[in-house]
$ cat data27.cif   # mmCIF, N, CA and C atoms and all ligand atoms
data_structure
#
loop_
_atom_site.label_atom_id
_atom_site.label_comp_id
_atom_site.auth_asym_id
_atom_site.auth_seq_id
_atom_site.Cartn_x
_atom_site.Cartn_y
_atom_site.Cartn_z
N MET A 1 95.87 116.10 93.33
CA MET A 1 94.87 115.02 93.29
C MET A 1 93.62 115.47 94.05
N SER A 2 92.47 115.20 93.46
CA SER A 2 91.23 115.63 94.10
C SER A 2 90.90 114.74 95.29
N LEU A 3 89.95 115.17 96.08
CA LEU A 3 89.53 114.38 97.24
C LEU A 3 88.91 113.06 96.82
N ASN A 4 88.48 112.96 95.55
CA ASN A 4 87.79 111.76 95.09
C ASN A 4 88.69 110.80 94.32
N GLY A 5 90.00 111.04 94.31
CA GLY A 5 90.90 110.16 93.56
C GLY A 5 91.02 108.79 94.19
N THR A 6 91.66 107.88 93.46
CA THR A 6 91.88 106.54 94.00
C THR A 6 93.26 106.47 94.65
N TYR A 7 93.39 105.55 95.59
CA TYR A 7 94.66 105.37 96.31
C TYR A 7 95.73 104.84 95.36
N ASP A 8 96.89 105.49 95.36
CA ASP A 8 98.01 105.06 94.51
C ASP A 8 98.94 104.18 95.36
N PRO A 9 99.00 102.87 95.08
CA PRO A 9 99.84 101.98 95.91
C PRO A 9 101.33 102.24 95.75
N ASP A 10 101.71 103.12 94.82
CA ASP A 10 103.12 103.45 94.64
C ASP A 10 103.48 104.83 95.19
N ASN A 11 102.59 105.39 96.05
CA ASN A 11 102.98 106.65 96.69
C ASN A 11 104.15 106.38 97.64
N ILE A 12 104.86 107.46 98.00
CA ILE A 12 106.14 107.29 98.71
C ILE A 12 105.97 106.63 100.09
N PHE A 13 104.85 106.88 100.76
CA PHE A 13 104.67 106.27 102.08
C PHE A 13 104.32 104.78 101.95
N ALA A 14 103.61 104.41 100.88
CA ALA A 14 103.35 102.99 100.63
C ALA A 14 104.68 102.28 100.39
N LYS A 15 105.61 102.95 99.70
CA LYS A 15 106.93 102.35 99.45
C LYS A 15 107.72 102.22 100.76
N ILE A 16 107.59 103.22 101.63
CA ILE A 16 108.24 103.13 102.95
C ILE A 16 107.65 101.95 103.73
N LEU A 17 106.32 101.81 103.71
CA LEU A 17 105.67 100.71 104.44
C LEU A 17 106.13 99.35 103.91
N ARG A 18 106.41 99.26 102.62
CA ARG A 18 106.85 97.99 102.03
C ARG A 18 108.37 97.80 102.18
N GLY A 19 109.04 98.80 102.77
CA GLY A 19 110.49 98.70 102.96
C GLY A 19 111.29 98.96 101.70
N GLU A 20 110.65 99.56 100.69
CA GLU A 20 111.36 99.82 99.42
C GLU A 20 112.17 101.12 99.49
N ILE A 21 111.80 101.99 100.45
CA ILE A 21 112.50 103.26 100.66
C ILE A 21 112.81 103.33 102.15
N PRO A 22 114.03 103.76 102.52
CA PRO A 22 114.37 103.81 103.95
C PRO A 22 113.66 104.94 104.67
N CYS A 23 113.51 104.78 105.98
CA CYS A 23 113.00 105.88 106.81
C CYS A 23 113.69 105.81 108.16
N ALA A 24 113.64 106.93 108.90
CA ALA A 24 114.15 106.97 110.27
C ALA A 24 112.97 106.66 111.18
N LYS A 25 112.82 105.39 111.53
CA LYS A 25 111.63 104.94 112.25
C LYS A 25 111.66 105.36 113.71
N VAL A 26 110.54 105.91 114.17
CA VAL A 26 110.37 106.26 115.58
C VAL A 26 109.66 105.13 116.31
N TYR A 27 108.62 104.58 115.68
CA TYR A 27 107.75 103.61 116.37
C TYR A 27 106.91 102.89 115.33
N GLU A 28 106.55 101.63 115.63
CA GLU A 28 105.51 100.99 114.84
C GLU A 28 104.80 99.93 115.66
N ASP A 29 103.54 99.69 115.33
CA ASP A 29 102.83 98.52 115.83
C ASP A 29 102.19 97.86 114.62
N ASP A 30 101.23 96.98 114.83
CA ASP A 30 100.68 96.26 113.67
C ASP A 30 99.80 97.16 112.80
N GLN A 31 99.43 98.34 113.29
CA GLN A 31 98.51 99.20 112.53
C GLN A 31 99.09 100.53 112.07
N VAL A 32 100.14 101.02 112.74
CA VAL A 32 100.66 102.35 112.42
C VAL A 32 102.18 102.35 112.35
N LEU A 33 102.73 103.36 111.66
CA LEU A 33 104.17 103.59 111.60
C LEU A 33 104.42 105.08 111.84
N SER A 34 105.44 105.37 112.62
CA SER A 34 105.86 106.76 112.83
C SER A 34 107.33 106.88 112.44
N PHE A 35 107.66 107.93 111.71
CA PHE A 35 109.04 108.14 111.24
C PHE A 35 109.29 109.63 111.06
N MET A 36 110.58 109.97 110.95
CA MET A 36 110.95 111.38 110.82
C MET A 36 110.66 111.86 109.39
N ASP A 37 110.12 113.07 109.27
CA ASP A 37 109.94 113.69 107.95
C ASP A 37 111.33 113.95 107.35
N ALA A 38 111.52 113.54 106.10
CA ALA A 38 112.83 113.66 105.46
C ALA A 38 113.15 115.09 105.03
N PHE A 39 112.13 115.95 104.97
CA PHE A 39 112.31 117.37 104.59
C PHE A 39 111.72 118.22 105.72
N PRO A 40 112.36 118.16 106.91
CA PRO A 40 111.71 118.70 108.11
C PRO A 40 111.50 120.21 108.05
N GLN A 41 110.30 120.61 108.50
CA GLN A 41 110.00 122.05 108.62
C GLN A 41 110.61 122.61 109.89
N THR A 42 110.72 121.76 110.92
CA THR A 42 111.47 122.10 112.14
C THR A 42 112.24 120.86 112.55
N SER A 43 113.27 121.05 113.37
CA SER A 43 114.02 119.89 113.86
C SER A 43 113.09 119.05 114.73
N GLY A 44 113.00 117.76 114.42
CA GLY A 44 112.10 116.87 115.18
C GLY A 44 110.77 116.62 114.50
N HIS A 45 110.58 117.16 113.29
CA HIS A 45 109.34 116.98 112.50
C HIS A 45 109.10 115.49 112.29
N THR A 46 108.01 115.00 112.85
CA THR A 46 107.71 113.56 112.86
C THR A 46 106.37 113.30 112.19
N LEU A 47 106.24 112.15 111.54
CA LEU A 47 105.00 111.77 110.86
C LEU A 47 104.42 110.51 111.48
N VAL A 48 103.09 110.39 111.45
CA VAL A 48 102.40 109.17 111.89
C VAL A 48 101.45 108.76 110.78
N ILE A 49 101.55 107.50 110.33
CA ILE A 49 100.70 107.03 109.24
C ILE A 49 100.07 105.68 109.60
N PRO A 50 98.87 105.39 109.05
CA PRO A 50 98.31 104.04 109.20
C PRO A 50 98.99 103.09 108.22
N LYS A 51 98.98 101.82 108.54
CA LYS A 51 99.56 100.83 107.61
C LYS A 51 98.57 100.44 106.51
N THR A 52 97.27 100.68 106.76
CA THR A 52 96.27 100.38 105.73
C THR A 52 96.18 101.54 104.75
N PRO A 53 95.83 101.26 103.49
CA PRO A 53 95.78 102.33 102.48
C PRO A 53 94.57 103.24 102.64
N SER A 54 94.83 104.54 102.81
CA SER A 54 93.77 105.55 102.68
C SER A 54 94.47 106.83 102.29
N ARG A 55 93.80 107.66 101.49
CA ARG A 55 94.46 108.85 100.96
C ARG A 55 94.48 109.99 101.96
N ASN A 56 93.42 110.06 102.76
CA ASN A 56 93.31 111.22 103.65
C ASN A 56 92.35 110.90 104.79
N LEU A 57 92.05 111.90 105.59
CA LEU A 57 91.21 111.69 106.78
C LEU A 57 89.79 111.26 106.40
N LEU A 58 89.32 111.70 105.22
CA LEU A 58 87.92 111.47 104.86
C LEU A 58 87.64 110.04 104.44
N ASP A 59 88.65 109.34 103.91
CA ASP A 59 88.39 107.97 103.46
C ASP A 59 89.04 106.93 104.36
N THR A 60 89.36 107.33 105.59
CA THR A 60 89.98 106.41 106.55
C THR A 60 88.92 105.78 107.44
N ASP A 61 89.05 104.48 107.66
CA ASP A 61 88.14 103.79 108.58
C ASP A 61 88.20 104.48 109.96
N PRO A 62 87.05 104.79 110.57
CA PRO A 62 87.06 105.54 111.83
C PRO A 62 87.84 104.87 112.95
N ASP A 63 87.78 103.53 113.03
CA ASP A 63 88.54 102.85 114.08
C ASP A 63 90.04 103.02 113.85
N MET A 64 90.46 102.94 112.59
CA MET A 64 91.88 103.15 112.27
C MET A 64 92.27 104.60 112.59
N LEU A 65 91.39 105.53 112.22
CA LEU A 65 91.67 106.95 112.50
C LEU A 65 91.86 107.18 114.00
N THR A 66 91.01 106.53 114.79
CA THR A 66 91.13 106.66 116.25
C THR A 66 92.52 106.21 116.69
N HIS A 67 92.99 105.10 116.15
CA HIS A 67 94.30 104.58 116.56
C HIS A 67 95.42 105.50 116.07
N VAL A 68 95.27 106.03 114.86
CA VAL A 68 96.31 106.92 114.33
C VAL A 68 96.39 108.20 115.18
N ILE A 69 95.24 108.73 115.55
CA ILE A 69 95.25 109.97 116.35
C ILE A 69 95.77 109.69 117.76
N HIS A 70 95.37 108.57 118.31
CA HIS A 70 95.89 108.20 119.64
C HIS A 70 97.41 108.07 119.58
N THR A 71 97.91 107.43 118.52
CA THR A 71 99.36 107.28 118.38
C THR A 71 100.02 108.65 118.19
N THR A 72 99.37 109.53 117.45
CA THR A 72 99.91 110.88 117.25
C THR A 72 100.06 111.59 118.60
N GLN A 73 99.06 111.42 119.47
CA GLN A 73 99.16 112.01 120.81
C GLN A 73 100.35 111.41 121.58
N THR A 74 100.49 110.09 121.50
CA THR A 74 101.57 109.40 122.22
C THR A 74 102.94 109.86 121.71
N ILE A 75 103.07 109.96 120.38
CA ILE A 75 104.37 110.38 119.81
C ILE A 75 104.64 111.86 120.15
N ALA A 76 103.59 112.68 120.11
CA ALA A 76 103.77 114.10 120.46
C ALA A 76 104.25 114.24 121.90
N SER A 77 103.73 113.40 122.79
CA SER A 77 104.19 113.42 124.19
C SER A 77 105.66 113.04 124.27
N ALA A 78 106.05 112.05 123.48
CA ALA A 78 107.46 111.63 123.49
C ALA A 78 108.35 112.72 122.90
N VAL A 79 107.85 113.41 121.86
CA VAL A 79 108.60 114.54 121.29
C VAL A 79 108.80 115.62 122.36
N LYS A 80 107.75 115.88 123.14
CA LYS A 80 107.85 116.88 124.21
C LYS A 80 108.92 116.47 125.22
N THR A 81 108.88 115.22 125.65
CA THR A 81 109.86 114.74 126.63
C THR A 81 111.27 114.75 126.06
N ALA A 82 111.40 114.28 124.81
CA ALA A 82 112.74 114.10 124.24
C ALA A 82 113.39 115.40 123.81
N LEU A 83 112.60 116.31 123.25
CA LEU A 83 113.19 117.50 122.60
C LEU A 83 112.89 118.80 123.33
N ASP A 84 112.00 118.75 124.32
CA ASP A 84 111.66 119.92 125.15
C ASP A 84 111.29 121.16 124.35
N PRO A 85 110.39 121.04 123.37
CA PRO A 85 109.96 122.23 122.61
C PRO A 85 109.07 123.14 123.49
N ASP A 86 108.91 124.37 123.03
CA ASP A 86 108.01 125.31 123.73
C ASP A 86 106.56 125.14 123.27
N GLY A 87 106.38 124.53 122.10
CA GLY A 87 105.05 124.27 121.58
C GLY A 87 105.13 123.15 120.56
N ILE A 88 103.98 122.57 120.22
CA ILE A 88 103.94 121.52 119.20
C ILE A 88 102.76 121.80 118.27
N VAL A 89 103.03 121.85 116.96
CA VAL A 89 101.96 121.99 115.96
C VAL A 89 101.64 120.60 115.41
N ILE A 90 100.33 120.29 115.33
CA ILE A 90 99.89 119.05 114.66
C ILE A 90 99.14 119.49 113.40
N THR A 91 99.55 118.97 112.23
CA THR A 91 98.84 119.33 110.99
C THR A 91 98.49 118.07 110.21
N GLN A 92 97.51 118.25 109.32
CA GLN A 92 97.05 117.14 108.47
C GLN A 92 96.31 117.77 107.31
N PHE A 93 96.69 117.43 106.06
CA PHE A 93 96.15 118.09 104.86
C PHE A 93 95.37 117.08 104.02
N ASN A 94 94.26 117.54 103.44
CA ASN A 94 93.39 116.68 102.64
C ASN A 94 93.23 117.26 101.24
N GLY A 95 93.91 116.65 100.24
CA GLY A 95 93.81 117.11 98.86
C GLY A 95 94.89 118.12 98.52
N ALA A 96 95.33 118.07 97.26
CA ALA A 96 96.41 118.95 96.82
C ALA A 96 96.12 120.44 97.05
N PRO A 97 94.90 120.93 96.79
CA PRO A 97 94.66 122.36 97.02
C PRO A 97 94.79 122.74 98.50
N ALA A 98 94.66 121.74 99.39
CA ALA A 98 94.80 122.00 100.82
C ALA A 98 96.25 121.91 101.27
N GLY A 99 97.16 121.50 100.36
CA GLY A 99 98.57 121.41 100.70
C GLY A 99 99.11 120.00 100.77
N GLN A 100 98.25 118.98 100.55
CA GLN A 100 98.73 117.60 100.64
C GLN A 100 99.62 117.29 99.44
N THR A 101 100.77 116.66 99.70
CA THR A 101 101.68 116.28 98.62
C THR A 101 101.91 114.78 98.54
N VAL A 102 101.66 114.06 99.64
CA VAL A 102 101.75 112.60 99.63
C VAL A 102 100.36 112.07 99.98
N PHE A 103 99.82 111.22 99.10
CA PHE A 103 98.40 110.86 99.21
C PHE A 103 98.22 109.52 99.92
N HIS A 104 98.76 109.49 101.13
CA HIS A 104 98.54 108.42 102.10
C HIS A 104 98.38 109.14 103.42
N LEU A 105 97.26 108.90 104.13
CA LEU A 105 96.97 109.68 105.34
C LEU A 105 98.19 109.81 106.26
N HIS A 106 98.43 111.00 106.76
CA HIS A 106 99.49 111.20 107.75
C HIS A 106 99.22 112.43 108.58
N PHE A 107 99.70 112.37 109.82
CA PHE A 107 99.68 113.53 110.70
C PHE A 107 101.12 114.00 110.89
N HIS A 108 101.29 115.33 110.85
CA HIS A 108 102.59 115.95 111.10
C HIS A 108 102.66 116.36 112.57
N ILE A 109 103.79 116.11 113.21
CA ILE A 109 104.07 116.59 114.57
C ILE A 109 105.29 117.51 114.45
N LEU A 110 105.08 118.80 114.74
CA LEU A 110 106.12 119.80 114.50
C LEU A 110 106.49 120.51 115.80
N PRO A 111 107.65 120.18 116.39
CA PRO A 111 108.08 120.90 117.58
C PRO A 111 108.40 122.36 117.24
N ARG A 112 107.99 123.28 118.09
CA ARG A 112 108.28 124.70 117.88
C ARG A 112 109.02 125.25 119.09
N TYR A 113 109.94 126.16 118.82
CA TYR A 113 110.75 126.78 119.87
C TYR A 113 110.56 128.29 119.81
N THR A 114 110.42 128.90 120.96
CA THR A 114 110.22 130.33 121.02
C THR A 114 111.32 131.04 120.23
N GLY A 115 110.90 131.88 119.28
CA GLY A 115 111.86 132.62 118.46
C GLY A 115 112.40 131.81 117.30
N GLY A 116 112.10 130.51 117.23
CA GLY A 116 112.62 129.66 116.15
C GLY A 116 111.75 129.74 114.92
N GLN A 117 112.34 129.50 113.78
CA GLN A 117 111.63 129.57 112.50
C GLN A 117 111.03 128.21 112.15
N MET A 118 109.93 128.23 111.39
CA MET A 118 109.40 127.00 110.79
C MET A 118 109.46 127.16 109.28
N ARG A 119 110.15 126.25 108.60
CA ARG A 119 110.24 126.33 107.15
C ARG A 119 108.86 126.07 106.54
N ASP A 120 108.63 126.57 105.33
CA ASP A 120 107.35 126.38 104.66
C ASP A 120 107.10 124.90 104.41
N HIS A 121 105.83 124.55 104.41
CA HIS A 121 105.43 123.17 104.17
C HIS A 121 105.91 122.70 102.80
N ALA A 122 106.48 121.48 102.76
CA ALA A 122 106.89 120.83 101.52
C ALA A 122 107.87 121.66 100.70
N SER A 123 108.75 122.39 101.38
CA SER A 123 109.73 123.21 100.65
C SER A 123 111.13 123.01 101.20
N GLY A 124 111.25 122.13 102.19
CA GLY A 124 112.53 122.01 102.89
C GLY A 124 113.58 121.25 102.11
N GLN A 125 114.78 121.26 102.68
CA GLN A 125 115.88 120.49 102.12
C GLN A 125 115.89 119.11 102.77
N MET A 126 116.33 118.11 102.04
CA MET A 126 116.39 116.77 102.59
C MET A 126 117.40 116.74 103.74
N ALA A 127 116.97 116.17 104.86
CA ALA A 127 117.84 116.12 106.03
C ALA A 127 118.78 114.92 105.93
N ASP A 128 119.87 115.00 106.70
CA ASP A 128 120.83 113.91 106.77
C ASP A 128 120.19 112.72 107.51
N MET A 129 120.23 111.54 106.93
CA MET A 129 119.57 110.37 107.51
C MET A 129 120.12 110.02 108.89
N ASP A 130 121.43 110.21 109.09
CA ASP A 130 122.01 109.90 110.41
C ASP A 130 121.46 110.83 111.48
N VAL A 131 121.28 112.11 111.13
CA VAL A 131 120.70 113.07 112.09
C VAL A 131 119.26 112.67 112.40
N LEU A 132 118.50 112.29 111.36
CA LEU A 132 117.11 111.87 111.57
C LEU A 132 117.04 110.63 112.44
N LYS A 133 117.96 109.70 112.23
CA LYS A 133 117.96 108.46 113.03
C LYS A 133 118.28 108.76 114.49
N GLN A 134 119.17 109.73 114.73
CA GLN A 134 119.48 110.10 116.12
C GLN A 134 118.24 110.71 116.79
N LEU A 135 117.53 111.58 116.05
CA LEU A 135 116.31 112.18 116.60
C LEU A 135 115.26 111.10 116.86
N ALA A 136 115.12 110.16 115.91
CA ALA A 136 114.12 109.09 116.05
C ALA A 136 114.42 108.24 117.29
N ALA A 137 115.70 107.94 117.50
CA ALA A 137 116.08 107.13 118.66
C ALA A 137 115.78 107.87 119.97
N LYS A 138 116.02 109.18 119.96
CA LYS A 138 115.77 109.99 121.15
C LYS A 138 114.26 110.02 121.48
N ILE A 139 113.45 110.19 120.43
CA ILE A 139 111.99 110.22 120.64
C ILE A 139 111.51 108.84 121.08
N ASN A 140 112.02 107.80 120.42
CA ASN A 140 111.62 106.43 120.78
C ASN A 140 111.96 106.14 122.24
N ALA A 141 113.09 106.62 122.71
CA ALA A 141 113.52 106.35 124.09
C ALA A 141 112.61 107.03 125.10
N ALA A 142 111.85 108.04 124.64
CA ALA A 142 110.94 108.78 125.53
C ALA A 142 109.52 108.19 125.51
N LEU A 143 109.30 107.16 124.72
CA LEU A 143 107.95 106.56 124.63
C LEU A 143 107.63 105.77 125.91
P1 LIG B 201 101.92 116.49 102.96
O1 LIG B 201 102.40 117.59 102.08
O2 LIG B 201 101.05 116.90 104.10
O3 LIG B 201 101.29 115.40 102.10
O4 LIG B 201 103.18 115.88 103.67
C1 LIG B 201 104.06 114.99 103.07
C2 LIG B 201 105.33 115.03 103.88
O5 LIG B 201 106.11 113.94 103.51
C3 LIG B 201 106.15 116.29 103.64
O6 LIG B 201 106.34 116.97 104.86
C4 LIG B 201 107.46 115.75 103.08
O7 LIG B 201 108.58 116.44 103.57
C5 LIG B 201 107.46 114.31 103.58
N1 LIG B 201 108.21 113.37 102.80
C6 LIG B 201 108.29 113.29 101.45
N2 LIG B 201 109.08 112.26 101.09
C7 LIG B 201 109.49 111.67 102.24
C8 LIG B 201 110.33 110.55 102.54
N3 LIG B 201 110.90 109.81 101.58
N4 LIG B 201 110.54 110.23 103.84
C9 LIG B 201 109.97 110.97 104.82
N5 LIG B 201 109.17 112.04 104.61
C10 LIG B 201 108.94 112.39 103.33
#
$ encode --input "data27.cif" --output "C-alpha cells" --more "lines below"
Ligand code: AMP
Amino acid sequence: MSLNGTYDPDNIFAKILRGEIPCAKVYEDDQVLSFMDAFPQTSGHTLVIPKTPSRNLLDTDPDMLTHVIHTTQTIASAVKTALDPDGIVITQFNGAPAGQTVFHLHFHILPRYTGGQMRDHASGQMADMDVLKQLAAKINAAL
C-alpha cells in the first residue's frame, strides 16, 4: 500500500482494537494499546498502537503521536526491567516498500541479547498465546 492510501478499518490491528481478534495485552489507556507481537522477531517483541485510525507516522495527529511515543518509552522501560535485555531496538515502518505489513500505526519494541539472533521482520512463526500472555503479564508487572 502506498503512503497515500486510505485507512482500512478491517486491518488486523483495527480488529484487535474492536476485540474481534485476541491479543496478549500488555497495557492500555483511553488512547493507546500495547500487546505482544504474535510473530515475534525476538522473545518479548512488543507493539504499541494508537486507538484512533491512522496508517502510519505521517498521517497521525501530532498530539496522538506524542502519546504513542511516550507510551513506547514507558513500555520499553518495563521491557528492560522485566526481561533484562542487553539492548532494545525500536522500529516503525511507513508504507509497504519500507517493510510495513499492517497499515495501522505501530511501534515495535524488540529486546536484544548479546549473541542472540533476531528473526527477519514479518517472517516469524506464530507464537504460543499462553507464552505471549506470560510475557505480557511480566512486562505489565514492571510498569
Ligand atoms: P509491520 O510489518 O511493521 O507493519 O508490523 C506488523 C507486525 O504485526 C508484524 O511484526 C507482525 O508479526 C505483527 N502481527 C501480525 N498479525 C498480528 C496479530 N494478529 N497479533 C499480533 N501481532 C501481529
$ atom_distance --input "data27.cif" --atom1 "atom CA of Leu105 of chain A" --atom2 "atom CA of Leu58 of chain A"
9.2 Å
$ closest_residue --input "data27.cif" --among "A:Leu135, A:Ile12, A:Val68, A:Met126" --to "His104 of chain A" --atoms "only N, CA and C atoms"
A:Ile12
$ residues_near_ligand --input "data27.cif" --ligand "ligand LIG 201 (chain B)" --cutoff "5 Å" --atoms "all atoms listed in the file" --output "PyMOL selection string"
chain A and resi 36-39+93+99-102+122
$ atom_distance --input "data27.cif" --atom1 "atom C of Gly19 of chain A" --atom2 "atom N of Pro40 of chain A"
19.9 Å
$ atom_distance --input "data27.cif" --atom1 "atom CA of Val79 of chain A" --atom2 "atom CA of Val131 of chain A"
15.3 Å
$ residues_around --input "data27.cif" --residues "Ser77 of chain A" --least-positions-apart "6" --cutoff "12 Å" --atoms "only C-alpha atoms" --output "JSON, numbers by chain"
{"A": [46, 70, 71, 83, 84, 85, 87, 88, 90, 109, 110, 111, 139, 140, 141, 142, 143]}
$ write_last_selection --input "data27.cif" --atoms "N, CA and C atoms" --output "PDB file, in the frame of the given file"
ATOM      1  N   THR A  46     108.010 115.000 112.850  1.00  0.00           N
ATOM      2  CA  THR A  46     107.710 113.560 112.860  1.00  0.00           C
ATOM      3  C   THR A  46     106.370 113.300 112.190  1.00  0.00           C
ATOM      4  N   HIS A  70      95.370 108.570 118.310  1.00  0.00           N
ATOM      5  CA  HIS A  70      95.890 108.200 119.640  1.00  0.00           C
ATOM      6  C   HIS A  70      97.410 108.070 119.580  1.00  0.00           C
ATOM      7  N   THR A  71      97.910 107.430 118.520  1.00  0.00           N
ATOM      8  CA  THR A  71      99.360 107.280 118.380  1.00  0.00           C
ATOM      9  C   THR A  71     100.020 108.650 118.190  1.00  0.00           C
ATOM     10  N   LEU A  83     112.600 116.310 123.250  1.00  0.00           N
ATOM     11  CA  LEU A  83     113.190 117.500 122.600  1.00  0.00           C
ATOM     12  C   LEU A  83     112.890 118.800 123.330  1.00  0.00           C
ATOM     13  N   ASP A  84     112.000 118.750 124.320  1.00  0.00           N
ATOM     14  CA  ASP A  84     111.660 119.920 125.150  1.00  0.00           C
ATOM     15  C   ASP A  84     111.290 121.160 124.350  1.00  0.00           C
ATOM     16  N   PRO A  85     110.390 121.040 123.370  1.00  0.00           N
ATOM     17  CA  PRO A  85     109.960 122.230 122.610  1.00  0.00           C
ATOM     18  C   PRO A  85     109.070 123.140 123.490  1.00  0.00           C
ATOM     19  N   GLY A  87     106.380 124.530 122.100  1.00  0.00           N
ATOM     20  CA  GLY A  87     105.050 124.270 121.580  1.00  0.00           C
ATOM     21  C   GLY A  87     105.130 123.150 120.560  1.00  0.00           C
ATOM     22  N   ILE A  88     103.980 122.570 120.220  1.00  0.00           N
ATOM     23  CA  ILE A  88     103.940 121.520 119.200  1.00  0.00           C
ATOM     24  C   ILE A  88     102.760 121.800 118.270  1.00  0.00           C
ATOM     25  N   ILE A  90     100.330 120.290 115.330  1.00  0.00           N
ATOM     26  CA  ILE A  90      99.890 119.050 114.660  1.00  0.00           C
ATOM     27  C   ILE A  90      99.140 119.490 113.400  1.00  0.00           C
ATOM     28  N   ILE A 109     103.790 116.110 113.210  1.00  0.00           N
ATOM     29  CA  ILE A 109     104.070 116.590 114.570  1.00  0.00           C
ATOM     30  C   ILE A 109     105.290 117.510 114.450  1.00  0.00           C
ATOM     31  N   LEU A 110     105.080 118.800 114.740  1.00  0.00           N
ATOM     32  CA  LEU A 110     106.120 119.800 114.500  1.00  0.00           C
ATOM     33  C   LEU A 110     106.490 120.510 115.800  1.00  0.00           C
ATOM     34  N   PRO A 111     107.650 120.180 116.390  1.00  0.00           N
ATOM     35  CA  PRO A 111     108.080 120.900 117.580  1.00  0.00           C
ATOM     36  C   PRO A 111     108.400 122.360 117.240  1.00  0.00           C
ATOM     37  N   ILE A 139     113.450 110.190 120.430  1.00  0.00           N
ATOM     38  CA  ILE A 139     111.990 110.220 120.640  1.00  0.00           C
ATOM     39  C   ILE A 139     111.510 108.840 121.080  1.00  0.00           C
ATOM     40  N   ASN A 140     112.020 107.800 120.420  1.00  0.00           N
ATOM     41  CA  ASN A 140     111.620 106.430 120.780  1.00  0.00           C
ATOM     42  C   ASN A 140     111.960 106.140 122.240  1.00  0.00           C
ATOM     43  N   ALA A 141     113.090 106.620 122.710  1.00  0.00           N
ATOM     44  CA  ALA A 141     113.520 106.350 124.090  1.00  0.00           C
ATOM     45  C   ALA A 141     112.610 107.030 125.100  1.00  0.00           C
ATOM     46  N   ALA A 142     111.850 108.040 124.640  1.00  0.00           N
ATOM     47  CA  ALA A 142     110.940 108.780 125.530  1.00  0.00           C
ATOM     48  C   ALA A 142     109.520 108.190 125.510  1.00  0.00           C
ATOM     49  N   LEU A 143     109.300 107.160 124.720  1.00  0.00           N
ATOM     50  CA  LEU A 143     107.950 106.560 124.630  1.00  0.00           C
ATOM     51  C   LEU A 143     107.630 105.770 125.910  1.00  0.00           C
TER      52      LEU A 143
END
$ residues_near_point --input "data27.cif" --point "(111.8, 109.0, 112.8)" --cutoff "7 Å" --atoms "all atoms listed in the file" --output "PyMOL selection string"
chain A and resi 23-27+34-37+46-47+132-133+135-137
$ write_last_selection --input "data27.cif" --atoms "N, CA and C atoms" --output "PDB file, keeping the file's coordinate frame"
ATOM      1  N   CYS A  23     113.510 104.780 105.980  1.00  0.00           N
ATOM      2  CA  CYS A  23     113.000 105.880 106.810  1.00  0.00           C
ATOM      3  C   CYS A  23     113.690 105.810 108.160  1.00  0.00           C
ATOM      4  N   ALA A  24     113.640 106.930 108.900  1.00  0.00           N
ATOM      5  CA  ALA A  24     114.150 106.970 110.270  1.00  0.00           C
ATOM      6  C   ALA A  24     112.970 106.660 111.180  1.00  0.00           C
ATOM      7  N   LYS A  25     112.820 105.390 111.530  1.00  0.00           N
ATOM      8  CA  LYS A  25     111.630 104.940 112.250  1.00  0.00           C
ATOM      9  C   LYS A  25     111.660 105.360 113.710  1.00  0.00           C
ATOM     10  N   VAL A  26     110.540 105.910 114.170  1.00  0.00           N
ATOM     11  CA  VAL A  26     110.370 106.260 115.580  1.00  0.00           C
ATOM     12  C   VAL A  26     109.660 105.130 116.310  1.00  0.00           C
ATOM     13  N   TYR A  27     108.620 104.580 115.680  1.00  0.00           N
ATOM     14  CA  TYR A  27     107.750 103.610 116.370  1.00  0.00           C
ATOM     15  C   TYR A  27     106.910 102.890 115.330  1.00  0.00           C
ATOM     16  N   SER A  34     105.440 105.370 112.620  1.00  0.00           N
ATOM     17  CA  SER A  34     105.860 106.760 112.830  1.00  0.00           C
ATOM     18  C   SER A  34     107.330 106.880 112.440  1.00  0.00           C
ATOM     19  N   PHE A  35     107.660 107.930 111.710  1.00  0.00           N
ATOM     20  CA  PHE A  35     109.040 108.140 111.240  1.00  0.00           C
ATOM     21  C   PHE A  35     109.290 109.630 111.060  1.00  0.00           C
ATOM     22  N   MET A  36     110.580 109.970 110.950  1.00  0.00           N
ATOM     23  CA  MET A  36     110.950 111.380 110.820  1.00  0.00           C
ATOM     24  C   MET A  36     110.660 111.860 109.390  1.00  0.00           C
ATOM     25  N   ASP A  37     110.120 113.070 109.270  1.00  0.00           N
ATOM     26  CA  ASP A  37     109.940 113.690 107.950  1.00  0.00           C
ATOM     27  C   ASP A  37     111.330 113.950 107.350  1.00  0.00           C
ATOM     28  N   THR A  46     108.010 115.000 112.850  1.00  0.00           N
ATOM     29  CA  THR A  46     107.710 113.560 112.860  1.00  0.00           C
ATOM     30  C   THR A  46     106.370 113.300 112.190  1.00  0.00           C
ATOM     31  N   LEU A  47     106.240 112.150 111.540  1.00  0.00           N
ATOM     32  CA  LEU A  47     105.000 111.770 110.860  1.00  0.00           C
ATOM     33  C   LEU A  47     104.420 110.510 111.480  1.00  0.00           C
ATOM     34  N   LEU A 132     118.500 112.290 111.360  1.00  0.00           N
ATOM     35  CA  LEU A 132     117.110 111.870 111.570  1.00  0.00           C
ATOM     36  C   LEU A 132     117.040 110.630 112.440  1.00  0.00           C
ATOM     37  N   LYS A 133     117.960 109.700 112.230  1.00  0.00           N
ATOM     38  CA  LYS A 133     117.960 108.460 113.030  1.00  0.00           C
ATOM     39  C   LYS A 133     118.280 108.760 114.490  1.00  0.00           C
ATOM     40  N   LEU A 135     117.530 111.580 116.050  1.00  0.00           N
ATOM     41  CA  LEU A 135     116.310 112.180 116.600  1.00  0.00           C
ATOM     42  C   LEU A 135     115.260 111.100 116.860  1.00  0.00           C
ATOM     43  N   ALA A 136     115.120 110.160 115.910  1.00  0.00           N
ATOM     44  CA  ALA A 136     114.120 109.090 116.050  1.00  0.00           C
ATOM     45  C   ALA A 136     114.420 108.240 117.290  1.00  0.00           C
ATOM     46  N   ALA A 137     115.700 107.940 117.500  1.00  0.00           N
ATOM     47  CA  ALA A 137     116.080 107.130 118.660  1.00  0.00           C
ATOM     48  C   ALA A 137     115.780 107.870 119.970  1.00  0.00           C
TER      49      ALA A 137
END
$ residues_around --input "data27.cif" --residues "Lys51 of chain A" --least-positions-apart "3" --cutoff "6.5 Å" --atoms "only N, CA and C atoms" --output "list in words"
Asp30, Gln31, Val32 and Leu33 of chain A
